[in-house]
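What follows is the content of protein08.cif (mmCIF, C-alpha atoms and all ligand atoms).
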data_my_file
#
loop_
_atom_site.label_atom_id
_atom_site.label_comp_id
_atom_site.auth_asym_id
_atom_site.auth_seq_id
_atom_site.Cartn_x
_atom_site.Cartn_y
_atom_site.Cartn_z
CA MET A 295 0.00 0.00 0.00
CA ASP A 296 1.62 3.20 -1.23
CA LYS A 297 0.03 5.89 0.93
CA GLU A 298 1.81 8.69 -0.89
CA LEU A 299 0.40 7.56 -4.24
CA LEU A 300 -3.07 7.13 -2.73
CA SER A 301 -3.00 10.68 -1.30
CA LYS A 302 -1.73 12.12 -4.56
CA THR A 303 -4.39 10.32 -6.62
CA ALA A 304 -7.25 11.25 -4.29
CA ALA A 305 -6.23 14.93 -4.22
CA ALA A 306 -5.91 15.04 -8.02
CA MET A 307 -9.37 13.46 -8.47
CA VAL A 308 -10.99 16.44 -6.75
CA ALA A 309 -8.63 19.15 -8.06
CA LYS A 310 -10.20 22.61 -8.28
CA GLY A 311 -12.53 23.15 -11.24
CA LYS A 312 -12.37 19.52 -12.37
CA GLY A 313 -14.56 16.45 -12.02
CA ILE A 314 -14.90 12.92 -13.28
CA LEU A 315 -16.52 11.46 -16.37
CA ALA A 316 -18.24 8.13 -15.68
CA ALA A 317 -17.83 6.21 -18.95
CA ASP A 318 -18.07 2.80 -17.31
CA GLU A 319 -21.48 1.75 -18.57
CA SER A 320 -21.64 -2.04 -18.82
CA SER A 321 -22.24 -3.36 -22.34
CA GLY A 322 -25.93 -3.86 -21.40
CA THR A 323 -26.39 -0.25 -20.28
CA CYS A 324 -24.42 0.97 -23.30
CA GLU A 325 -26.83 -0.96 -25.52
CA LYS A 326 -29.78 0.92 -23.98
CA ARG A 327 -28.08 4.29 -24.47
CA PHE A 328 -27.04 3.51 -28.08
CA LYS A 329 -30.51 2.22 -28.92
CA SER A 330 -31.99 5.61 -27.97
CA VAL A 331 -30.01 7.14 -30.88
CA ASN A 332 -30.27 4.13 -33.23
CA VAL A 333 -26.65 3.05 -32.97
CA GLU A 334 -25.72 -0.62 -33.01
CA CYS A 335 -23.90 -1.57 -29.81
CA THR A 336 -20.80 -3.27 -31.26
CA GLU A 337 -17.41 -3.35 -29.58
CA GLU A 338 -16.02 -1.03 -32.27
CA ASN A 339 -18.87 1.49 -31.88
CA ARG A 340 -18.33 1.53 -28.12
CA ARG A 341 -14.62 2.17 -28.72
CA ALA A 342 -15.29 4.89 -31.31
CA TYR A 343 -17.81 6.68 -29.08
CA ARG A 344 -15.59 6.65 -26.02
CA ASN A 345 -12.61 7.80 -28.02
CA LEU A 346 -14.71 10.68 -29.31
CA LEU A 347 -15.34 11.77 -25.71
CA PHE A 348 -11.75 11.26 -24.52
CA SER A 349 -10.18 13.07 -27.48
CA THR A 350 -12.38 16.18 -27.13
CA PRO A 351 -9.91 19.06 -27.42
CA GLY A 352 -9.43 20.93 -24.15
CA VAL A 353 -11.75 18.74 -22.06
CA GLU A 354 -8.83 17.86 -19.78
CA GLN A 355 -9.25 21.35 -18.29
CA PHE A 356 -12.44 20.10 -16.65
CA LEU A 357 -11.75 16.38 -16.20
CA SER A 358 -9.54 14.97 -13.46
CA GLY A 359 -10.46 11.37 -14.20
CA VAL A 360 -12.51 8.95 -16.27
CA ILE A 361 -14.11 5.74 -14.99
CA LEU A 362 -13.65 2.97 -17.56
CA PHE A 363 -15.40 -0.34 -18.09
CA ASP A 364 -13.12 -3.41 -18.22
CA GLU A 365 -13.48 -3.68 -22.02
CA THR A 366 -12.45 -0.03 -22.55
CA ALA A 367 -9.40 -0.32 -20.28
CA ARG A 368 -8.10 -2.93 -22.76
CA GLN A 369 -8.97 -1.05 -25.97
CA LYS A 370 -6.80 1.26 -28.05
CA ALA A 371 -7.08 5.02 -28.46
CA ASN A 372 -6.97 6.47 -31.99
CA ASP A 373 -3.22 7.09 -31.65
CA GLY A 374 -2.56 3.38 -31.07
CA THR A 375 -1.76 3.63 -27.34
CA SER A 376 -3.97 1.91 -24.78
CA ILE A 377 -6.87 4.03 -23.57
CA PRO A 378 -5.53 4.28 -19.99
CA GLN A 379 -2.16 5.42 -21.39
CA TYR A 380 -3.86 7.93 -23.68
CA LEU A 381 -5.83 9.45 -20.78
CA ALA A 382 -2.79 9.59 -18.50
CA LYS A 383 -0.87 11.44 -21.23
CA LYS A 384 -3.64 14.06 -21.26
CA GLY A 385 -3.33 14.43 -17.48
CA ILE A 386 -6.60 12.54 -16.85
CA ILE A 387 -6.48 9.75 -14.26
CA PRO A 388 -7.81 6.42 -15.55
CA GLY A 389 -10.23 4.70 -13.15
CA ILE A 390 -12.04 1.40 -13.43
CA LYS A 391 -15.44 0.00 -12.46
CA VAL A 392 -14.67 -3.22 -10.59
CA ASP A 393 -18.06 -4.43 -9.37
CA LYS A 394 -19.89 -7.07 -11.39
CA GLY A 395 -23.35 -5.59 -11.11
CA ILE A 396 -26.38 -6.23 -8.92
CA VAL A 397 -28.53 -9.25 -8.04
CA ASN A 398 -31.65 -9.60 -5.90
CA LEU A 399 -31.06 -10.00 -2.19
CA PRO A 400 -32.92 -13.11 -0.98
CA PHE A 401 -35.83 -12.66 1.47
CA THR A 402 -36.35 -9.00 0.56
CA ASN A 403 -38.75 -7.27 -1.80
CA GLU A 404 -36.31 -7.39 -4.74
CA GLU A 405 -33.74 -5.21 -3.01
CA LYS A 406 -30.29 -5.37 -4.59
CA VAL A 407 -26.80 -6.33 -3.53
CA THR A 408 -23.65 -5.84 -5.59
CA GLU A 409 -21.39 -8.74 -6.54
CA GLY A 410 -17.72 -8.86 -7.53
CA LEU A 411 -15.56 -9.54 -4.46
CA ASP A 412 -14.39 -13.01 -5.55
CA GLY A 413 -10.97 -12.77 -7.19
CA LEU A 414 -10.92 -9.00 -6.75
CA GLN A 415 -7.42 -8.87 -5.22
CA LYS A 416 -6.00 -10.48 -8.35
CA ARG A 417 -8.01 -8.28 -10.72
CA MET A 418 -6.98 -5.17 -8.81
CA LYS A 419 -3.29 -5.93 -9.39
CA GLU A 420 -3.97 -6.29 -13.09
CA TYR A 421 -5.86 -2.97 -13.22
CA PHE A 422 -2.93 -1.27 -11.53
CA GLU A 423 -0.63 -2.70 -14.23
CA LEU A 424 -3.02 -1.36 -16.88
CA GLY A 425 -2.58 2.12 -15.36
CA CYS A 426 -5.81 2.49 -13.36
CA ARG A 427 -5.35 4.50 -10.18
CA PHE A 428 -8.88 4.57 -8.76
CA ALA A 429 -11.76 2.10 -8.78
CA LYS A 430 -15.52 2.37 -8.45
CA TRP A 431 -18.06 0.01 -6.83
CA ARG A 432 -21.76 0.87 -7.06
CA ALA A 433 -24.30 -0.28 -4.49
CA VAL A 434 -27.98 0.30 -5.23
CA ILE A 435 -30.50 1.28 -2.55
CA THR A 436 -34.18 1.47 -3.50
CA ILE A 437 -36.75 3.49 -1.53
CA GLY A 438 -40.25 2.05 -1.24
CA GLU A 439 -42.84 0.64 1.14
CA GLY A 440 -40.82 -0.84 4.03
CA ILE A 441 -37.51 -0.57 2.15
CA PRO A 442 -34.59 -0.22 2.35
CA THR A 443 -34.33 -2.94 4.97
CA HIS A 444 -31.52 -3.18 7.47
CA ALA A 445 -30.37 -6.34 5.63
CA CYS A 446 -29.96 -4.42 2.37
CA LEU A 447 -28.03 -1.53 3.94
CA TYR A 448 -25.85 -3.94 5.92
CA ALA A 449 -25.03 -6.26 3.01
CA ASN A 450 -24.12 -3.39 0.69
CA ALA A 451 -22.08 -1.53 3.30
CA HIS A 452 -20.09 -4.69 4.04
CA ALA A 453 -19.33 -5.26 0.33
CA LEU A 454 -18.35 -1.61 -0.19
CA ALA A 455 -15.96 -1.72 2.75
CA ARG A 456 -14.37 -5.03 1.70
CA TYR A 457 -13.80 -3.75 -1.83
CA ALA A 458 -12.41 -0.44 -0.50
CA ALA A 459 -9.86 -2.28 1.66
CA ILE A 460 -8.77 -4.38 -1.35
CA CYS A 461 -8.33 -1.19 -3.42
CA GLN A 462 -6.18 0.54 -0.84
CA GLU A 463 -4.02 -2.54 -0.35
CA ALA A 464 -3.28 -2.35 -4.11
CA SER A 465 -2.58 1.45 -3.97
CA ILE A 466 -5.79 2.18 -5.90
CA VAL A 467 -8.15 4.84 -4.48
CA PRO A 468 -11.61 3.44 -3.78
CA MET A 469 -14.56 5.49 -5.01
CA ILE A 470 -17.39 4.04 -2.95
CA GLU A 471 -20.77 4.61 -4.56
CA PRO A 472 -23.86 3.85 -2.48
CA GLU A 473 -26.55 5.14 -4.86
CA VAL A 474 -30.01 5.85 -3.44
CA LEU A 475 -32.26 5.67 -6.50
CA LEU A 476 -34.60 8.52 -7.36
CA ASP A 477 -37.19 6.07 -8.73
CA GLY A 478 -40.41 6.05 -6.70
CA ASN A 479 -42.95 8.41 -5.16
CA HIS A 480 -41.06 9.29 -1.98
CA SER A 481 -40.49 12.84 -0.74
CA ALA A 482 -37.13 14.62 -0.57
CA GLU A 483 -37.40 14.32 3.22
CA ARG A 484 -37.63 10.53 2.95
CA SER A 485 -34.68 10.57 0.55
CA GLU A 486 -32.70 12.49 3.16
CA GLU A 487 -33.56 9.90 5.85
CA VAL A 488 -32.51 7.02 3.59
CA HIS A 489 -29.27 8.74 2.57
CA GLU A 490 -28.45 9.21 6.24
CA ALA A 491 -29.11 5.56 7.10
CA THR A 492 -27.15 4.39 4.05
CA LEU A 493 -24.11 6.54 4.75
CA ARG A 494 -24.11 5.68 8.47
CA ALA A 495 -24.08 1.95 7.63
CA THR A 496 -21.39 2.49 4.98
CA TYR A 497 -19.01 4.43 7.22
CA ALA A 498 -19.54 1.99 10.13
CA ALA A 499 -18.36 -0.81 7.80
CA ILE A 500 -15.49 1.36 6.49
CA ALA A 501 -14.27 1.71 10.09
CA ALA A 502 -14.79 -1.99 10.84
CA TYR A 503 -12.54 -3.01 7.91
CA ASN A 504 -9.80 -0.48 8.79
CA VAL A 505 -10.26 1.40 5.53
CA SER A 506 -8.40 4.72 5.65
CA VAL A 507 -10.80 7.62 5.16
CA GLU A 508 -7.85 9.81 4.12
CA HIS A 509 -7.55 7.71 0.96
CA LEU A 510 -11.18 7.37 0.02
CA ILE A 511 -13.60 9.21 -2.28
CA LEU A 512 -17.38 9.02 -1.79
CA LYS A 513 -19.61 9.05 -4.85
CA THR A 514 -23.13 9.79 -3.70
CA SER A 515 -26.59 10.55 -5.01
CA MET A 516 -28.40 13.72 -3.93
CA CYS A 517 -31.49 14.09 -1.72
CA VAL A 518 -33.94 14.77 -4.54
CA SER A 519 -37.69 14.00 -4.51
CA GLY A 520 -38.70 10.63 -5.93
CA LYS A 521 -39.39 11.09 -9.62
CA ASP A 522 -43.11 10.28 -9.15
CA HIS A 523 -43.62 12.46 -6.07
CA PRO A 524 -46.12 15.29 -6.67
CA ARG A 525 -43.86 17.93 -5.06
CA GLN A 526 -40.39 18.21 -6.57
CA ALA A 527 -37.97 19.85 -4.14
CA GLY A 528 -36.25 22.95 -5.54
CA VAL A 529 -32.52 23.40 -6.08
CA ASP A 530 -31.81 25.04 -2.71
CA GLU A 531 -33.77 22.44 -0.77
CA VAL A 532 -31.96 19.55 -2.48
CA ALA A 533 -28.60 21.23 -1.80
CA GLU A 534 -29.42 21.87 1.87
CA ARG A 535 -30.69 18.36 2.53
CA THR A 536 -27.76 16.72 0.77
CA VAL A 537 -25.07 18.78 2.49
CA ARG A 538 -26.76 18.31 5.89
CA VAL A 539 -26.61 14.52 5.49
CA LEU A 540 -23.03 14.59 4.25
CA LYS A 541 -21.92 16.74 7.21
CA ARG A 542 -23.56 14.31 9.62
CA THR A 543 -22.01 11.20 8.17
CA VAL A 544 -18.81 11.78 6.13
CA PRO A 545 -15.56 12.30 8.07
CA ALA A 546 -13.90 15.69 7.50
CA ALA A 547 -10.62 13.80 6.96
CA GLN A 548 -11.88 12.48 3.63
CA PRO A 549 -10.25 14.15 0.58
CA GLY A 550 -13.46 14.76 -1.37
CA ILE A 551 -16.99 13.88 -2.42
CA VAL A 552 -18.31 13.45 -5.97
CA PHE A 553 -21.90 13.12 -7.19
CA LEU A 554 -23.67 10.89 -9.67
CA SER A 555 -26.48 12.36 -11.77
CA GLY A 556 -28.87 9.41 -11.40
CA GLY A 557 -31.38 10.43 -14.08
CA GLN A 558 -31.59 14.14 -13.24
CA SER A 559 -31.74 16.48 -16.23
CA ASP A 560 -28.39 17.84 -17.38
CA GLU A 561 -29.14 21.31 -16.07
CA ALA A 562 -30.59 20.12 -12.73
CA ALA A 563 -27.43 18.08 -12.05
CA THR A 564 -25.31 21.17 -12.75
CA ALA A 565 -27.54 23.53 -10.71
CA HIS A 566 -27.58 21.19 -7.69
CA LEU A 567 -23.80 20.84 -7.70
CA ASN A 568 -23.40 24.60 -8.06
CA ALA A 569 -25.70 25.29 -5.09
CA MET A 570 -23.79 22.87 -2.86
CA ALA A 571 -20.33 23.99 -3.94
CA SER A 572 -21.35 27.62 -3.24
CA MET A 573 -21.86 26.86 0.46
CA LYS A 574 -19.24 28.23 2.81
CA GLY A 575 -17.12 26.22 5.22
CA LEU A 576 -17.50 22.74 3.74
CA PRO A 577 -14.87 20.31 5.05
CA TRP A 578 -14.34 18.62 1.65
CA PRO A 579 -14.27 19.66 -2.03
CA LEU A 580 -17.41 18.64 -3.95
CA THR A 581 -17.49 17.84 -7.64
CA PHE A 582 -19.22 15.79 -10.33
CA SER A 583 -18.78 12.21 -11.48
CA TYR A 584 -21.61 12.11 -14.00
CA SER A 585 -22.35 9.73 -16.79
CA ARG A 586 -25.73 10.72 -18.27
CA ALA A 587 -25.63 14.41 -17.31
CA LEU A 588 -22.29 14.77 -19.12
CA GLN A 589 -23.02 12.52 -22.09
CA ASN A 590 -26.72 12.94 -23.02
CA SER A 591 -26.26 15.87 -25.38
CA ALA A 592 -23.06 14.46 -26.94
CA LEU A 593 -24.70 11.09 -27.63
CA LYS A 594 -27.69 12.79 -29.28
CA ALA A 595 -25.39 14.92 -31.44
CA TRP A 596 -23.26 11.92 -32.46
CA ARG A 597 -25.88 9.33 -33.51
CA GLY A 598 -23.10 7.01 -34.65
CA GLN A 599 -22.03 9.25 -37.56
CA ALA A 600 -18.34 10.12 -37.88
CA GLY A 601 -19.42 13.39 -39.53
CA ASN A 602 -21.12 14.46 -36.27
CA MET A 603 -17.97 14.08 -34.21
CA ALA A 604 -17.19 17.80 -33.91
CA ALA A 605 -20.77 18.64 -32.85
CA ALA A 606 -20.75 15.83 -30.28
CA GLN A 607 -17.40 16.96 -28.86
CA LYS A 608 -18.67 20.53 -28.64
CA ALA A 609 -21.72 19.38 -26.66
CA PHE A 610 -19.55 17.27 -24.35
CA HIS A 611 -17.05 20.09 -23.84
CA HIS A 612 -19.88 22.44 -22.94
CA ARG A 613 -21.34 20.16 -20.26
CA ALA A 614 -17.89 19.46 -18.80
CA HIS A 615 -17.22 23.22 -18.74
CA MET A 616 -20.56 24.01 -17.05
CA ASN A 617 -19.98 21.36 -14.40
CA GLY A 618 -16.39 22.50 -13.89
CA LEU A 619 -17.79 25.95 -13.07
CA ALA A 620 -20.52 24.43 -10.88
CA SER A 621 -17.92 22.56 -8.81
CA GLN A 622 -16.57 25.99 -7.83
CA GLY A 623 -20.00 27.59 -7.33
CA LYS A 624 -19.37 29.75 -10.41
CA TRP A 625 -22.11 28.48 -12.74
CA ARG A 626 -25.10 30.64 -13.72
CA ALA A 627 -28.15 29.58 -15.73
CA ASP A 628 -27.58 32.38 -18.26
CA LEU A 629 -24.28 30.73 -19.28
CA GLU A 630 -26.38 27.86 -20.64
CA LYS A 631 -28.49 30.23 -22.73
CA ALA A 632 -25.44 32.02 -24.07
CA ALA A 633 -24.12 28.70 -25.42
CA ALA A 634 -27.44 27.57 -26.95
P1 LIG A 701 -25.16 8.76 -13.80
O1 LIG A 701 -24.49 10.10 -13.62
O2 LIG A 701 -25.79 8.57 -15.14
O3 LIG A 701 -26.07 8.43 -12.64
O4 LIG A 701 -24.01 7.67 -13.74
C1 LIG A 701 -23.04 7.77 -12.77
C2 LIG A 701 -22.55 6.44 -12.40
O5 LIG A 701 -21.36 6.20 -12.42
C3 LIG A 701 -23.52 5.42 -12.01
O6 LIG A 701 -22.86 4.33 -11.46
#

Rewrite the coordinates I just gave you, this time as structure tokens.
Amino acid sequence: MDKELLSKTAAAMVAKGKGILAADESSGTCEKRFKSVNVECTEENRRAYRNLLFSTPGVEQFLSGVILFDETARQKANDGTSIPQYLAKKGIIPGIKVDKGIVNLPFTNEEKVTEGLDGLQKRMKEYFELGCRFAKWRAVITIGEGIPTHACLYANAHALARYAAICQEASIVPMIEPEVLLDGNHSAERSEEVHEATLRATYAAIAAYNVSVEHLILKTSMCVSGKDHPRQAGVDEVAERTVRVLKRTVPAAQPGIVFLSGGQSDEAATAHLNAMASMKGLPWPLTFSYSRALQNSALKAWRGQAGNMAAAQKAFHHRAHMNGLASQGKWRADLEKAAA
């Protein structure tokens, strides 16, 4: 365990004005996204699309890291180098999704638990050799009638902590991602309660497995209203609820916190981050680690046509720029209109 490398990586992941692109969609999720723009989900199309994002001129100003899927970490960039090497040359830290996805947790109402611990120590060594310096594991928490159960929170917290310990042992920074889904008809208040219970369980397990909080990044959802709830909490309310929960549960010694977008609109994800990052006296830097809220507009502009590459890169650059500003509390809605 190289503590110096871990500290350096974690600090660089949350460097001022930068955030992380999540490009680690599994081939199944990628298929769904490509289908929405009528693109066939072949290995070569996945490579071409991701290379389009990574080679966007100037985007490294706003990106500290990229989370890759296993397949992408083994593919080549357009210049013939491996994708992790290509990113590192641009000053972008390559990361890797290491979980193997979710399954139903027995004796619950279809709650989920994440798999992927078997053989992880060996895989982690290989990812380090490939150049990856941080790793993501996503746990999924659903809000509904009588859920999440204690069993679900406990099982996911335990897996997150075990994976985080394996990462640190291999000098790879763990990005722990307990995602509370926004699907459902719950209120923002209920979302806040569930975030608090989830994060308390997660950090109790982190302590139990001797994971060092100094070398850890949290990737969290925000306390938004369920997408079917009749009252949608406004930007300031979401920001206040989310930061209140984070202050209650996340140690100040942690180097930073990043957010997922979770199905929020592009602009809502940016506005929420901006409102939180504007708050004074936060113990940790806050930034983005979005997939959909960074990629939606680029994917729509691309539609699988090489001729649309410049338009897609422009759209991607714009969202990365807006979120880079938001991570410093410097975004304003009129900047969006100016670009349109
Ligand atoms: P979204 O921003 O689309 O939620 O994706 C982030 C992510 O990495 C989910 O695991």

When you draw a straight line from CA of Ala455 in chain A to CA of Lys430 in chain A, how long is it in Å?
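Computing the Euclidean distance for CA of Ala455 in chain A and CA of Lys430 in chain A yields 11.9 Å.
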
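For the residues A:Lys419, A:Val308, A:Gln607, A:Gly352, ranking by smallest atom-to-atom distance to Leu512 in chain A using all atoms listed in the file places A:Val308 first.
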
Selection: 10 Å around His444 in chain A, all atoms listed in the file, excl. self and same-chain fewer than 6 positions, as a PyMOL selection string:
chain A and resi 491-492+495

Separation of CA of Leu347 in chain A from CA of Tyr380 in chain A in Å:
12.3 Å

Around the point (-21.5, 7.1, 2.1) (coordinates from the file), which residues reach within 10 Å if we count all atoms listed in the file? Answer as number ranges by chain.
A: 451, 454, 470-473, 489-498, 500, 511-515, 539-540, 543-545, 551

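Take the candidates A:Gly557, A:Gly520, A:Pro549, A:Gly478 and check each one against Ser506 in chain A using only C-alpha atoms; the shortest distance goes to A:Pro549.
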
Kindly work out which residues sit at most 8 Å from ligand LIG 701 (chain A), using all atoms listed in the file, and give the list as a PDB file with C-alpha atoms, in the frame of the given file.
ATOM      1  CA  ALA A 316     -18.240   8.130 -15.680  1.00  0.00           C
ATOM      2  CA  ALA A 317     -17.830   6.210 -18.950  1.00  0.00           C
ATOM      3  CA  ASP A 318     -18.070   2.800 -17.310  1.00  0.00           C
ATOM      4  CA  GLU A 319     -21.480   1.750 -18.570  1.00  0.00           C
ATOM      5  CA  ILE A 361     -14.110   5.740 -14.990  1.00  0.00           C
ATOM      6  CA  TRP A 431     -18.060   0.010  -6.830  1.00  0.00           C
ATOM      7  CA  ARG A 432     -21.760   0.870  -7.060  1.00  0.00           C
ATOM      8  CA  GLU A 471     -20.770   4.610  -4.560  1.00  0.00           C
ATOM      9  CA  GLU A 473     -26.550   5.140  -4.860  1.00  0.00           C
ATOM     10  CA  SER A 515     -26.590  10.550  -5.010  1.00  0.00           C
ATOM     11  CA  PHE A 553     -21.900  13.120  -7.190  1.00  0.00           C
ATOM     12  CA  LEU A 554     -23.670  10.890  -9.670  1.00  0.00           C
ATOM     13  CA  SER A 555     -26.480  12.360 -11.770  1.00  0.00           C
ATOM     14  CA  GLY A 556     -28.870   9.410 -11.400  1.00  0.00           C
ATOM     15  CA  GLY A 557     -31.380  10.430 -14.080  1.00  0.00           C
ATOM     16  CA  GLN A 558     -31.590  14.140 -13.240  1.00  0.00           C
ATOM     17  CA  SER A 583     -18.780  12.210 -11.480  1.00  0.00           C
ATOM     18  CA  TYR A 584     -21.610  12.110 -14.000  1.00  0.00           C
ATOM     19  CA  SER A 585     -22.350   9.730 -16.790  1.00  0.00           C
ATOM     20  CA  ARG A 586     -25.730  10.720 -18.270  1.00  0.00           C
ATOM     21  CA  ALA A 587     -25.630  14.410 -17.310  1.00  0.00           C
ATOM     22  CA  LEU A 588     -22.290  14.770 -19.120  1.00  0.00           C
TER      23      LEU A 588
END

If you count only C-alpha atoms, the residue of A:His611, A:Arg368, A:Arg427, A:His452 closest to Glu409 in chain A turns out to be A:His452

Proximity to Ile435 in chain A - best of A:Val397, A:Tyr448, A:Val474, A:Thr402, all atoms listed in the file
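Using all atoms listed in the file, Ile435 in chain A sits closest to A:Val474.
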
In Å, with one decimal, what is the gap from CA of Thr375 in chain A to CA of Ala342 in chain A?
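Going from CA of Thr375 in chain A over to CA of Ala342 in chain A, I get 14.2 Å.
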
Out of A:Lys631, A:His615, A:Arg327, A:Arg626, which residue has the shortest atom-to-atom distance to Ile314 in chain A when counting only C-alpha atoms?
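Result for the nearest residue to Ile314 in chain A: A:His615.
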
For range 464-473 of chain A, what centre and edge lengths in Å (one decimal) does the axis-aligned box get once 3 Å is added on each side of all its listed atoms, as JSON?
{"center_x": -14.6, "center_y": 1.6, "center_z": -4.2, "size_x": 30.0, "size_y": 13.8, "size_z": 9.4}

Name the closest residue to Val529 in chain A among the candidates A:Leu411, A:Leu593, A:Ala565, A:Ala433; distances are taken between atoms, counting all atoms listed in the file.
A:Ala565

Thr564 in chain A: which residues within 12 Å, counting all atoms listed in the file, same-chain residues fewer than 2 positions away excluded, as number ranges by chain?
A: 313, 516, 529, 533, 553-555, 558-562, 566-571, 581-584, 586-588, 612-627, 629-630

I want to know what sits within 12 Å of Val467 in chain A, based on only C-alpha atoms, with residues of the same chain fewer than 5 positions away left out; could you give that as an MDAnalysis selection string?
chainID A and resid 295:307 359 387:391 418 421:422 426:431 457:462 505:512 548:550
